[in-house]
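To start, the structure under review is shown below, and the notes come after it.
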Amino acid sequence: MLSLSEEILKDNWNGYGVKAFDKEFVDYCLEIGNKLYLTPQVFPTANKSIQFEYELEGSYMEIEIYIDKIVHIYKKFSCGKNSLRVLKRYSIDDLNKELSLFMSEVNENRV
């Protein structure tokens, strides 16, 4: 079960004066993260977003969920290829497909 420190629910949680995260938003993001088929590392950002990260064999993927619920999916591969997708509408299935594509591309680059 994913979790984040309760500190992010307080103003200045990062020591740089940022506002606290809304508990409903944090719960929304954690619910999404718990439904992804691979468990991510989870980080709050100073951009008022929650970021899920995956690193595998020199490749990297992040799913960043913003307070307006728009999602940015950034992928960077060890071969130098990278991509950014912005999703205004999405489902857990969409996010799991992106994760599956990432895993497939990592495996393709391994050969």
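Residues in the structure tokens are named by chain (A, B, ... in the order shown) and by number from 1 within that chain; ligands are numbered from 1 in the order shown.
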
Within 9 Å of Lys10 (chain A) using only C-alpha atoms, minus same-chain residues under 4 positions, as a ChimeraX atom specification: /A:6,19-21

Would you mind listing what lies within 12 Å of Ile32 (chain A) as number ranges by chain, with only C-alpha atoms counted and same-chain residues fewer than 4 positions away left out? A: 1-3, 25-28, 36-40, 42, 50-52, 63-65, 69, 71, 90-96

With only C-alpha atoms as the basis for distance, which of A:Asp11, A:Glu105, A:Lys88, A:Tyr74 is at the shortest distance from Glu53 (chain A)?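 Using only C-alpha atoms, Glu53 (chain A) sits closest to A:Tyr74.
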
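Our summary of the geometry notes that CA of Lys76 (chain A) is positioned 5.1 Å from CA of Tyr60 (chain A).
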
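As for CA of Ile67 (chain A) and CA of Glu98 (chain A), they are spaced 20.6 Å apart.
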
For each of A:Leu99, A:Val106, A:Met61, A:Val18, take the minimum atom-to-atom distance to Ser78 (chain A), counting only C-alpha atoms, then give the residue where this is smallest.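 Nearest to Ser78 (chain A): A:Val106.
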
Could you jot down the CA of Arg89 (chain A) to CA of Gly58 (chain A) separation for me, Å, one decimal place? 29.3 Å

Mind the document's chain letters and residue numbers, and return as an NGL selection string the residues of chain A that DSSP labels strand (DSSP E). :A and (41-44 or 49-56 or 59-66 or 71-76 or 82-87)

Nearest residue to Glu55 (chain A) from the set A:Ser5, A:Asn14, A:Gln41, A:Asn82 (distances using only C-alpha atoms): A:Gln41
